Amino acid sequence: MIKSRKNSRLIGIFFIFMLGGAVICDAQRGLEPQQSERVSYRGAPLSLPSDTGKASQGAVPVDTWAASLGAVLSLPDDRTIDLGLVERDSIAEGSIMLRNAGYDPLVIYNVHSDCSCTVPMFPKDPVAPGDSAAIRVRYDSRGLPHGSFLKTVKLRTNAAKRPVTIFVKGRIKRD
């Protein structure tokens, strides 16, 4: 057992020295790391610009690649609708703005909540590139006890494979 630990340490140290030697040899020969990287996004090759401003051969320029991004959903960082203090046995409403930051229309397929007391409303028409739309939420506190609440609303769009979560929070006032 002791020999195998010692051997594995020696092998690890050997590889570290070999890797370091290879980097030093490359530097002495004048080899520099690549200034541009070839990347593929959704099947479209992309070349990130180098210091010289030239793209690698066969790559699509960045502006052309950006046009293939499709719909991009942009939401506020906290993704929260704060309803504040809600009267008991009442209905409160709030909304959150979303923006299509992509180049294709943003289609909202479905919006659903984790509770029947929270009813989301969303635009049925696609959101054009650069436009904004509101996701409205109606919270019904009838029959619910006083105190804080945190509900989730999930959006399914053509901009993401997984649902995007929005939170609805507030506090039901005591009688």
# chains A, B, ... in the order shown; residues from 1 in each chain; ligands from 1
call {"tool": "residues_around", "arguments": {"residues": "range 89-96 of chain A", "least_positions_apart": "2", "cutoff": "8 Å", "atoms": "only C-alpha atoms", "output": "list in words"}}
result
Arg79, Thr80, Ile81, Asp82, Leu83, Val86, Glu87, Leu98, Ala134, Ile135, Arg136, Val137, Arg138, Tyr139, Asp140, Ser141, Arg142, Gly143 and Leu144 of chain A
call {"tool": "write_last_selection", "arguments": {"atoms": "C-alpha atoms", "output": "short mmCIF file (atom, residue, chain, number, x, y, z; two decimals), in the first residue's frame"}}
result
data_model
loop_
_atom_site.label_atom_id
_atom_site.label_comp_id
_atom_site.auth_asym_id
_atom_site.auth_seq_id
_atom_site.Cartn_x
_atom_site.Cartn_y
_atom_site.Cartn_z
CA ARG A 79 -36.98 37.22 -11.61
CA THR A 80 -39.37 38.12 -8.80
CA ILE A 81 -42.77 39.77 -8.71
CA ASP A 82 -43.14 41.35 -5.28
CA LEU A 83 -46.81 41.88 -4.39
CA VAL A 86 -51.78 41.76 0.45
CA GLU A 87 -55.15 42.21 2.18
CA LEU A 98 -39.59 40.23 -20.43
CA ALA A 134 -45.51 41.65 -19.63
CA ILE A 135 -46.23 38.46 -17.75
CA ARG A 136 -49.05 39.36 -15.38
CA VAL A 137 -49.91 37.37 -12.26
CA ARG A 138 -53.11 37.43 -10.23
CA TYR A 139 -52.83 36.14 -6.65
CA ASP A 140 -56.02 35.18 -4.79
CA SER A 141 -55.61 35.21 -1.01
CA ARG A 142 -59.18 34.10 -0.25
CA GLY A 143 -59.20 31.37 2.38
CA LEU A 144 -55.44 31.47 2.92
#
